[in-house]
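The next block is model02.cif, given as mmCIF, C-alpha atoms.
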```cif
data_work
#
loop_
_atom_site.group_PDB
_atom_site.id
_atom_site.type_symbol
_atom_site.label_atom_id
_atom_site.label_comp_id
_atom_site.auth_asym_id
_atom_site.auth_seq_id
_atom_site.Cartn_x
_atom_site.Cartn_y
_atom_site.Cartn_z
ATOM 1 C CA MET A 198 167.756 -33.814 50.599
ATOM 2 C CA VAL A 199 171.057 -35.598 50.673
ATOM 3 C CA SER A 200 171.095 -39.126 51.985
ATOM 4 C CA ARG A 201 173.218 -40.108 54.922
ATOM 5 C CA ALA A 202 175.326 -42.396 52.763
ATOM 6 C CA GLU A 203 175.947 -39.634 50.294
ATOM 7 C CA GLN A 204 176.918 -37.266 53.049
ATOM 8 C CA ALA A 205 179.421 -39.797 54.324
ATOM 9 C CA MET A 206 180.800 -40.257 50.854
ATOM 10 C CA ARG A 207 181.213 -36.538 50.440
ATOM 11 C CA ARG A 208 183.099 -36.321 53.673
ATOM 12 C CA GLU A 209 185.537 -38.933 52.444
ATOM 13 C CA ARG A 210 185.865 -37.375 49.052
ATOM 14 C CA PRO A 211 185.956 -33.646 49.662
ATOM 15 C CA GLU A 212 186.464 -32.910 45.966
ATOM 16 C CA MET A 213 182.922 -34.136 45.430
ATOM 17 C CA GLN A 214 181.478 -31.505 47.713
ATOM 18 C CA THR A 215 179.057 -29.199 46.018
ATOM 19 C CA GLY A 216 178.543 -25.517 46.673
ATOM 20 C CA GLU A 217 174.835 -24.804 47.150
ATOM 21 C CA GLY A 218 173.775 -25.241 43.558
ATOM 22 C CA THR A 219 175.979 -22.526 42.086
ATOM 23 C CA LEU A 220 178.018 -22.625 38.901
ATOM 24 C CA GLU A 221 180.894 -23.961 40.978
ATOM 25 C CA ASN A 222 179.366 -27.431 40.732
ATOM 26 C CA LEU A 223 179.725 -27.865 37.016
ATOM 27 C CA VAL A 224 181.148 -31.200 36.068
ATOM 28 C CA CYS A 225 182.230 -32.028 32.571
ATOM 29 C CA GLU A 226 183.633 -35.325 31.344
ATOM 30 C CA ALA A 227 185.040 -36.498 28.038
ATOM 31 C CA SER A 228 187.191 -39.212 26.604
ATOM 32 C CA VAL A 229 190.187 -38.263 24.461
ATOM 33 C CA GLU A 230 192.490 -40.340 22.311
ATOM 34 C CA ILE A 231 196.207 -39.711 21.899
ATOM 35 C CA LYS A 232 196.775 -39.275 18.169
ATOM 36 C CA ASN A 233 200.306 -37.923 17.836
ATOM 37 C CA ALA A 234 202.932 -40.559 17.051
ATOM 38 C CA GLU A 235 205.174 -39.978 20.030
ATOM 39 C CA GLY A 236 202.424 -40.056 22.636
ATOM 40 C CA LEU A 237 202.194 -37.972 25.767
ATOM 41 C CA HIS A 238 205.889 -37.310 26.330
ATOM 42 C CA MET A 239 207.166 -34.343 28.272
ATOM 43 C CA ARG A 240 206.576 -31.570 25.738
ATOM 44 C CA PRO A 241 202.927 -32.465 25.061
ATOM 45 C CA ALA A 242 202.416 -33.058 28.768
ATOM 46 C CA MET A 243 203.664 -29.533 29.447
ATOM 47 C CA LYS A 244 201.322 -28.085 26.834
ATOM 48 C CA PHE A 245 198.494 -29.997 28.424
ATOM 49 C CA VAL A 246 199.354 -28.655 31.878
ATOM 50 C CA ASP A 247 199.626 -25.127 30.460
ATOM 51 C CA VAL A 248 196.158 -25.269 28.916
ATOM 52 C CA ALA A 249 194.627 -26.968 31.975
ATOM 53 C CA SER A 250 196.124 -24.349 34.289
ATOM 54 C CA GLN A 251 194.302 -21.542 32.475
ATOM 55 C CA PHE A 252 190.972 -22.722 33.829
ATOM 56 C CA GLU A 253 189.444 -22.346 37.224
ATOM 57 C CA CYS A 254 188.500 -25.908 37.959
ATOM 58 C CA GLU A 255 189.840 -29.199 39.184
ATOM 59 C CA ILE A 256 190.774 -31.430 36.270
ATOM 60 C CA SER A 257 191.738 -35.068 36.416
ATOM 61 C CA VAL A 258 192.978 -37.351 33.677
ATOM 62 C CA SER A 259 192.657 -41.095 34.099
ATOM 63 C CA ASN A 260 193.847 -44.194 32.342
ATOM 64 C CA ASP A 261 193.003 -47.725 33.446
ATOM 65 C CA GLU A 262 195.535 -47.621 36.248
ATOM 66 C CA MET A 263 195.764 -44.156 37.694
ATOM 67 C CA LYS A 264 194.289 -40.715 37.959
ATOM 68 C CA ALA A 265 196.528 -37.709 37.352
ATOM 69 C CA ASP A 266 196.037 -34.066 38.228
ATOM 70 C CA ALA A 267 195.897 -32.286 34.856
ATOM 71 C CA LYS A 268 197.833 -29.369 36.333
ATOM 72 C CA SER A 269 200.810 -31.481 37.516
ATOM 73 C CA ILE A 270 203.518 -32.180 34.973
ATOM 74 C CA MET A 271 204.909 -35.096 36.989
ATOM 75 C CA GLU A 272 201.540 -36.780 37.321
ATOM 76 C CA MET A 273 200.706 -36.230 33.663
ATOM 77 C CA SER A 274 204.034 -37.797 32.663
ATOM 78 C CA MET A 275 203.234 -40.808 34.809
ATOM 79 C CA LEU A 276 200.290 -41.646 32.551
ATOM 80 C CA ALA A 277 202.813 -42.730 29.884
ATOM 81 C CA ALA A 278 200.018 -42.461 27.334
ATOM 82 C CA THR A 279 201.204 -43.934 24.051
ATOM 83 C CA TYR A 280 199.672 -43.417 20.612
ATOM 84 C CA GLY A 281 196.126 -44.743 20.583
ATOM 85 C CA THR A 282 195.641 -44.550 24.348
ATOM 86 C CA ARG A 283 192.266 -43.292 25.534
ATOM 87 C CA LEU A 284 192.177 -41.045 28.568
ATOM 88 C CA ALA A 285 189.193 -39.924 30.614
ATOM 89 C CA LEU A 286 189.030 -36.207 31.360
ATOM 90 C CA LYS A 287 186.981 -34.900 34.228
ATOM 91 C CA ALA A 288 186.702 -31.239 35.123
ATOM 92 C CA GLU A 289 184.833 -29.823 38.089
ATOM 93 C CA GLY A 290 184.295 -26.144 38.675
ATOM 94 C CA ALA A 291 183.084 -22.952 37.082
ATOM 95 C CA GLN A 292 184.985 -23.396 33.814
ATOM 96 C CA ALA A 293 184.667 -27.179 33.542
ATOM 97 C CA GLN A 294 183.123 -27.152 30.090
ATOM 98 C CA GLU A 295 185.589 -24.686 28.570
ATOM 99 C CA ALA A 296 188.496 -26.605 30.067
ATOM 100 C CA VAL A 297 187.414 -29.953 28.675
ATOM 101 C CA SER A 298 186.759 -28.608 25.202
ATOM 102 C CA ALA A 299 190.109 -26.772 25.089
ATOM 103 C CA LEU A 300 191.962 -29.901 26.238
ATOM 104 C CA LYS A 301 190.110 -32.127 23.787
ATOM 105 C CA GLU A 302 191.066 -29.802 20.976
ATOM 106 C CA LEU A 303 194.720 -29.777 22.062
ATOM 107 C CA VAL A 304 194.889 -33.576 22.149
ATOM 108 C CA GLU A 305 192.718 -34.625 19.222
ATOM 109 C CA VAL A 306 192.642 -31.686 16.810
ATOM 110 C CA ARG A 307 195.998 -30.000 17.326
ATOM 111 C CA LEU A 308 197.762 -33.253 18.261
ATOM 112 C CA PHE A 309 199.890 -31.086 20.590
ATOM 113 C CA ASP A 310 201.263 -29.512 17.366
ATOM 114 C CA GLU A 311 203.064 -32.791 16.672
ATOM 115 C CA PRO A 312 202.824 -35.192 13.722
ATOM 116 C CA PRO A 313 200.599 -38.278 13.603
ATOM 117 C CA PRO A 314 202.289 -41.646 12.906
ATOM 118 C CA GLU A 315 203.609 -42.087 9.371
ATOM 119 C CA GLY A 316 200.867 -42.978 6.960
ATOM 120 C CA VAL A 317 198.096 -41.616 9.180
ATOM 121 C CA GLY A 318 196.386 -38.387 8.163
ATOM 122 C CA ALA A 319 195.943 -35.744 10.838
ATOM 123 C CA MET B 226 210.306 -51.472 33.246
ATOM 124 C CA ARG B 227 212.824 -51.226 36.114
ATOM 125 C CA PHE B 228 215.661 -48.788 36.807
ATOM 126 C CA GLN B 229 218.216 -51.550 36.330
ATOM 127 C CA ASP B 230 216.831 -52.157 32.842
ATOM 128 C CA PHE B 231 218.041 -48.792 31.627
ATOM 129 C CA VAL B 232 220.149 -46.968 34.218
ATOM 130 C CA CYS B 233 223.851 -47.371 33.475
ATOM 131 C CA PHE B 234 225.372 -47.518 36.960
ATOM 132 C CA GLU B 235 228.943 -47.299 35.610
ATOM 133 C CA GLY B 236 228.001 -44.031 33.933
ATOM 134 C CA THR B 237 226.765 -42.534 37.166
ATOM 135 C CA ILE B 238 228.546 -39.517 38.625
ATOM 136 C CA ALA B 239 228.140 -39.345 42.385
ATOM 137 C CA GLU B 240 229.455 -35.814 42.563
ATOM 138 C CA LEU B 241 229.447 -33.671 39.456
ATOM 139 C CA GLU B 242 232.516 -31.482 39.274
ATOM 140 C CA THR B 243 230.624 -28.598 37.721
ATOM 141 C CA VAL B 244 227.635 -26.471 38.637
ATOM 142 C CA GLU B 245 227.094 -25.469 34.997
ATOM 143 C CA ARG B 246 224.099 -27.142 33.399
ATOM 144 C CA ASP B 247 225.663 -27.724 29.972
ATOM 145 C CA GLU B 248 228.892 -29.102 31.443
ATOM 146 C CA ALA B 249 226.928 -31.447 33.678
ATOM 147 C CA ILE B 250 225.038 -32.762 30.647
ATOM 148 C CA GLU B 251 228.290 -33.160 28.694
ATOM 149 C CA ALA B 252 229.904 -35.025 31.596
ATOM 150 C CA LEU B 253 227.015 -37.486 31.828
ATOM 151 C CA VAL B 254 226.905 -38.076 28.078
ATOM 152 C CA SER B 255 230.689 -38.634 27.956
ATOM 153 C CA GLY B 256 230.364 -41.009 30.887
ATOM 154 C CA LEU B 257 227.937 -43.142 28.880
ATOM 155 C CA ALA B 258 230.291 -43.040 25.892
ATOM 156 C CA GLU B 259 233.299 -44.033 28.066
ATOM 157 C CA VAL B 260 231.607 -47.231 29.168
ATOM 158 C CA GLY B 261 230.337 -47.996 25.673
ATOM 159 C CA ARG B 262 226.632 -47.409 26.172
ATOM 160 C CA ILE B 263 226.544 -44.838 23.385
ATOM 161 C CA PRO B 264 228.981 -44.647 20.444
ATOM 162 C CA LYS B 265 231.857 -42.249 21.141
ATOM 163 C CA LYS B 266 231.606 -40.710 17.702
ATOM 164 C CA VAL B 267 228.100 -39.347 18.381
ATOM 165 C CA SER B 268 228.741 -38.380 22.003
ATOM 166 C CA ALA B 269 229.243 -34.670 21.269
ATOM 167 C CA GLU B 270 226.255 -34.635 18.926
ATOM 168 C CA ILE B 271 224.018 -36.214 21.566
ATOM 169 C CA ALA B 272 225.191 -33.778 24.246
ATOM 170 C CA ARG B 273 224.418 -30.885 21.881
ATOM 171 C CA ALA B 274 220.952 -32.276 21.165
ATOM 172 C CA VAL B 275 220.195 -32.653 24.878
ATOM 173 C CA ILE B 276 221.314 -29.068 25.520
ATOM 174 C CA ASP B 277 219.242 -27.771 22.594
ATOM 175 C CA ARG B 278 216.238 -29.638 23.937
ATOM 176 C CA GLU B 279 216.869 -28.156 27.367
ATOM 177 C CA ASN B 280 217.041 -24.656 25.912
ATOM 178 C CA GLU B 281 213.666 -25.191 24.311
ATOM 179 C CA ALA B 282 211.999 -25.987 27.644
ATOM 180 C CA SER B 283 213.602 -26.913 30.932
ATOM 181 C CA THR B 284 213.245 -30.486 32.146
ATOM 182 C CA GLY B 285 213.810 -29.217 35.678
ATOM 183 C CA MET B 286 210.467 -30.351 37.032
ATOM 184 C CA GLY B 287 211.013 -28.819 40.405
ATOM 185 C CA LYS B 288 211.954 -30.271 43.783
ATOM 186 C CA GLY B 289 215.636 -30.487 42.928
ATOM 187 C CA VAL B 290 215.514 -32.882 40.004
ATOM 188 C CA ALA B 291 215.924 -32.533 36.248
ATOM 189 C CA ILE B 292 215.454 -35.132 33.524
ATOM 190 C CA PRO B 293 217.287 -33.889 30.433
ATOM 191 C CA HIS B 294 216.565 -36.229 27.542
ATOM 192 C CA VAL B 295 216.690 -36.739 23.827
ATOM 193 C CA LYS B 296 215.939 -39.380 21.229
ATOM 194 C CA HIS B 297 218.772 -40.557 19.025
ATOM 195 C CA ALA B 298 219.074 -43.214 16.332
ATOM 196 C CA ALA B 299 222.436 -44.363 17.731
ATOM 197 C CA VAL B 300 220.857 -46.079 20.745
ATOM 198 C CA LYS B 301 218.809 -49.255 20.470
ATOM 199 C CA ASN B 302 217.445 -49.192 24.020
ATOM 200 C CA VAL B 303 216.738 -46.450 26.518
ATOM 201 C CA VAL B 304 219.818 -45.671 28.580
ATOM 202 C CA ALA B 305 220.161 -43.338 31.548
ATOM 203 C CA ALA B 306 222.927 -41.884 33.677
ATOM 204 C CA VAL B 307 222.474 -40.131 36.988
ATOM 205 C CA GLY B 308 224.575 -37.207 38.187
ATOM 206 C CA GLN B 309 224.426 -35.757 41.660
ATOM 207 C CA SER B 310 225.441 -32.297 42.758
ATOM 208 C CA GLU B 311 225.653 -31.278 46.366
ATOM 209 C CA ALA B 312 226.136 -27.638 45.383
ATOM 210 C CA GLY B 313 223.135 -27.631 43.052
ATOM 211 C CA ILE B 314 222.919 -26.774 39.370
ATOM 212 C CA ASP B 315 220.851 -24.030 37.792
ATOM 213 C CA PHE B 316 218.564 -25.848 35.371
ATOM 214 C CA LYS B 317 216.120 -22.965 35.044
ATOM 215 C CA ALA B 318 213.738 -25.306 36.809
ATOM 216 C CA LEU B 319 210.014 -24.632 36.978
ATOM 217 C CA ASP B 320 210.281 -23.786 40.679
ATOM 218 C CA GLU B 321 213.494 -21.794 40.051
ATOM 219 C CA GLN B 322 215.337 -23.922 42.610
ATOM 220 C CA PRO B 323 218.732 -25.593 42.062
ATOM 221 C CA VAL B 324 218.882 -29.172 40.860
ATOM 222 C CA TYR B 325 220.623 -31.802 42.998
ATOM 223 C CA ALA B 326 219.954 -34.864 40.873
ATOM 224 C CA VAL B 327 220.202 -34.987 37.091
ATOM 225 C CA ILE B 328 218.763 -38.028 35.368
ATOM 226 C CA LEU B 329 219.925 -38.035 31.766
ATOM 227 C CA LEU B 330 217.863 -40.196 29.443
ATOM 228 C CA ILE B 331 218.778 -41.171 25.874
ATOM 229 C CA SER B 332 216.007 -42.978 24.021
ATOM 230 C CA PRO B 333 215.920 -44.736 20.659
ATOM 231 C CA ALA B 334 214.465 -42.710 17.792
ATOM 232 C CA ASN B 335 211.916 -45.292 16.722
ATOM 233 C CA ASN B 336 210.442 -46.521 19.990
ATOM 234 C CA PRO B 337 208.369 -43.782 21.624
ATOM 235 C CA ASP B 338 206.676 -46.292 23.921
ATOM 236 C CA SER B 339 209.883 -47.384 25.659
ATOM 237 C CA HIS B 340 210.767 -43.724 26.209
ATOM 238 C CA LEU B 341 207.376 -43.108 27.820
ATOM 239 C CA GLN B 342 207.742 -46.165 30.047
ATOM 240 C CA ALA B 343 211.146 -45.051 31.300
ATOM 241 C CA MET B 344 209.782 -41.571 32.000
ATOM 242 C CA GLU B 345 206.813 -43.047 33.816
ATOM 243 C CA LEU B 346 209.072 -45.030 36.115
ATOM 244 C CA VAL B 347 211.351 -42.068 36.803
ATOM 245 C CA PHE B 348 208.434 -39.787 37.646
ATOM 246 C CA LYS B 349 206.636 -42.427 39.676
ATOM 247 C CA HIS B 350 209.574 -42.448 42.079
ATOM 248 C CA LEU B 351 210.502 -38.779 41.888
ATOM 249 C CA GLN B 352 206.969 -37.938 42.971
ATOM 250 C CA LYS B 353 207.774 -39.380 46.371
ATOM 251 C CA GLU B 354 209.484 -37.149 48.875
ATOM 252 C CA LYS B 355 211.147 -40.106 50.579
ATOM 253 C CA PHE B 356 212.720 -41.205 47.306
ATOM 254 C CA ARG B 357 213.974 -37.702 46.515
ATOM 255 C CA LYS B 358 215.469 -37.393 49.990
ATOM 256 C CA PHE B 359 217.253 -40.741 49.744
ATOM 257 C CA LEU B 360 218.431 -39.943 46.231
ATOM 258 C CA ARG B 361 219.976 -36.708 47.390
ATOM 259 C CA GLN B 362 221.754 -38.516 50.200
ATOM 260 C CA CYS B 363 223.477 -40.965 47.836
ATOM 261 C CA ARG B 364 227.035 -39.721 47.785
ATOM 262 C CA THR B 365 228.592 -42.736 46.093
ATOM 263 C CA ARG B 366 227.835 -44.746 42.983
ATOM 264 C CA GLU B 367 227.282 -47.857 45.108
ATOM 265 C CA ARG B 368 224.705 -46.170 47.327
ATOM 266 C CA LEU B 369 222.837 -44.910 44.285
ATOM 267 C CA GLU B 370 222.850 -48.343 42.695
ATOM 268 C CA ASP B 371 221.526 -49.844 45.937
ATOM 269 C CA LEU B 372 218.739 -47.262 46.147
ATOM 270 C CA LEU B 373 217.555 -47.768 42.569
ATOM 271 C CA LYS B 374 217.692 -51.547 42.852
ATOM 272 C CA GLU B 375 215.805 -51.403 46.128
ATOM 273 C CA ALA B 376 213.157 -49.265 44.435
ATOM 274 C CA ASP B 377 212.960 -51.920 41.701
ATOM 275 C CA GLU B 378 212.509 -54.799 44.115
ATOM 276 C CA ASP B 379 210.241 -53.253 46.724
ATOM 277 C CA PRO B 380 206.824 -52.223 45.432
ATOM 278 C CA SER B 381 206.167 -50.153 48.556
ATOM 279 C CA TRP B 382 208.799 -47.646 47.412
#
```

Could you show the structure in this file as structure tokens?
Amino acid sequence: MVSRAEQAMRRERPEMQTGEGTLENLVCEASVEIKNAEGLHMRPAMKFVDVASQFECEISVSNDEMKADAKSIMEMSMLAATYGTRLALKAEGAQAQEAVSALKELVEVRLFDEPPPEGVGA
Amino acid sequence: MRFQDFVCFEGTIAELETVERDEAIEALVSGLAEVGRIPKKVSAEIARAVIDRENEASTGMGKGVAIPHVKHAAVKNVVAAVGQSEAGIDFKALDEQPVYAVILLISPANNPDSHLQAMELVFKHLQKEKFRKFLRQCRTRERLEDLLKEADEDPSW
């Protein structure tokens, strides 16, 4: 049973609506750290959007101030995530887990195919 | 960061005389060199670098705006010039639509954070339909300067 308060909350936040206990409800969250020297400038942001767009799920990326749609290049650029910034990833939908692990790899393992700061090993 | 901290209003071109992407970029870069915001001797080199960057991946983010940019050691602080085109320029934009406002950004080579902050501000405003509409309606340098300063002063923008 879903409480009345929860029902009201779901009405206000339609993205939280669940679909009768199917795989559609998968939620996956992770924190990632920007490790390339130049931060999340336009080229990395585009790579991020490209990877995110391959998955069937809603993905958000948040810093302390805002939440961006991982599939929008403008919103991702607005995060202005510099080296060392931590971002919270949240994916909801059938491929939530795959999406989060692919994005985490892009950011923290591949470093968007960019160099780390001088003197820092990849 | 505010627009007036890095937009060079004297280097603004209210109506670009060309509809060619590369010529528009060259005109904006020369404009910045004319008013002394970038050294004249590296003007051609910077224009080339911006065009090369653009060829790599378009900065035409859709909705009629493009933000060609490059980092260069010759600038100490981020500097931007805005060029408007009523006819529209083919920037090979993501949405394949012509570009009516070009915001050229030259950032220092060793300060990635200031580059990101300038980009953040530009995108924060470009996200808004009202801002894009007003931007497109600016047909003079003065109007454009007023719009950007208003956006700086009024948080509701």

Open item on the list: For the PyMOL selection byres ((chain A) within 10 of (chain B)), applied here, can you spell out every residue it catches as number ranges by chain?
Closed with: A: 234-240, 243, 269-280

- [ ] Please write as a list in words the full residue list that the PyMOL selection byres ((chain A and resi 313) around 10) yields on this file.
- [x]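 With the PyMOL selection byres ((chain A and resi 313) around 10) on this model, the match is Ile231, Lys232, Asn233, Ala234, Glu235, Gly236, Tyr280, Leu308, Asp310, Glu311, Pro312, Pro314, Glu315, Gly316, Val317, Gly318 and Ala319 of chain A.
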
Task: Explicit residue set for the PyMOL selection byres ((chain A and resi 250-262) around 10), as an MDAnalysis selection string - done: chainID A and resid 212 221:229 244:249 263:269 272:273 276:278 282:297 299

- [ ] In the coordinate frame of the file, compute which residues have an atom within 12 Å of (227.3, -27.1, 31.9) when using only C-alpha atoms, and state them as a list in words.
- [x]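 Within the cut-off we find Leu241, Glu242, Thr243, Val244, Glu245, Arg246, Asp247, Glu248, Ala249, Ile250, Glu251, Ala252, Leu253, Val254, Ala272, Arg273, Val275, Ile276, Glu279, Gly313, Ile314, Asp315, Phe316 and Val327 of chain B.
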
Task: Straight-line distance linking CA of Asn302 (chain B) with CA of Lys265 (chain B), stated in Å to one decimal - done: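 Straight-line distance from CA of Asn302 (chain B) to CA of Lys265 (chain B) works out to 16.3 Å.
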
Task: d(CA of Thr237 (chain B), CA of Arg366 (chain B)) in Å - done: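 Computed distance, CA of Thr237 (chain B) to CA of Arg366 (chain B), equals 6.3 Å.
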
Task: From B:Pro333, B:Ser381, B:Ser268, B:Ala318, residue lying nearest Val295 (chain B) [all atoms listed in the file] - done: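 Among the listed residues, the smallest separation from Val295 (chain B) belongs to B:Pro333.
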
Task: Interatomic distance, CA of Phe231 (chain B) to CA of Ala242 (chain A) (Å, one decimal) - done: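 Distance between the two atoms: 22.4 Å.
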
Task: region 367-380 of chain B environment, 10 Å, only C-alpha atoms, sequence neighbours closer than 5 positions dropped, as a PyMOL selection string - done: chain B and resi 226-230+232-235+237-239+307-309+346+350+356+359-362
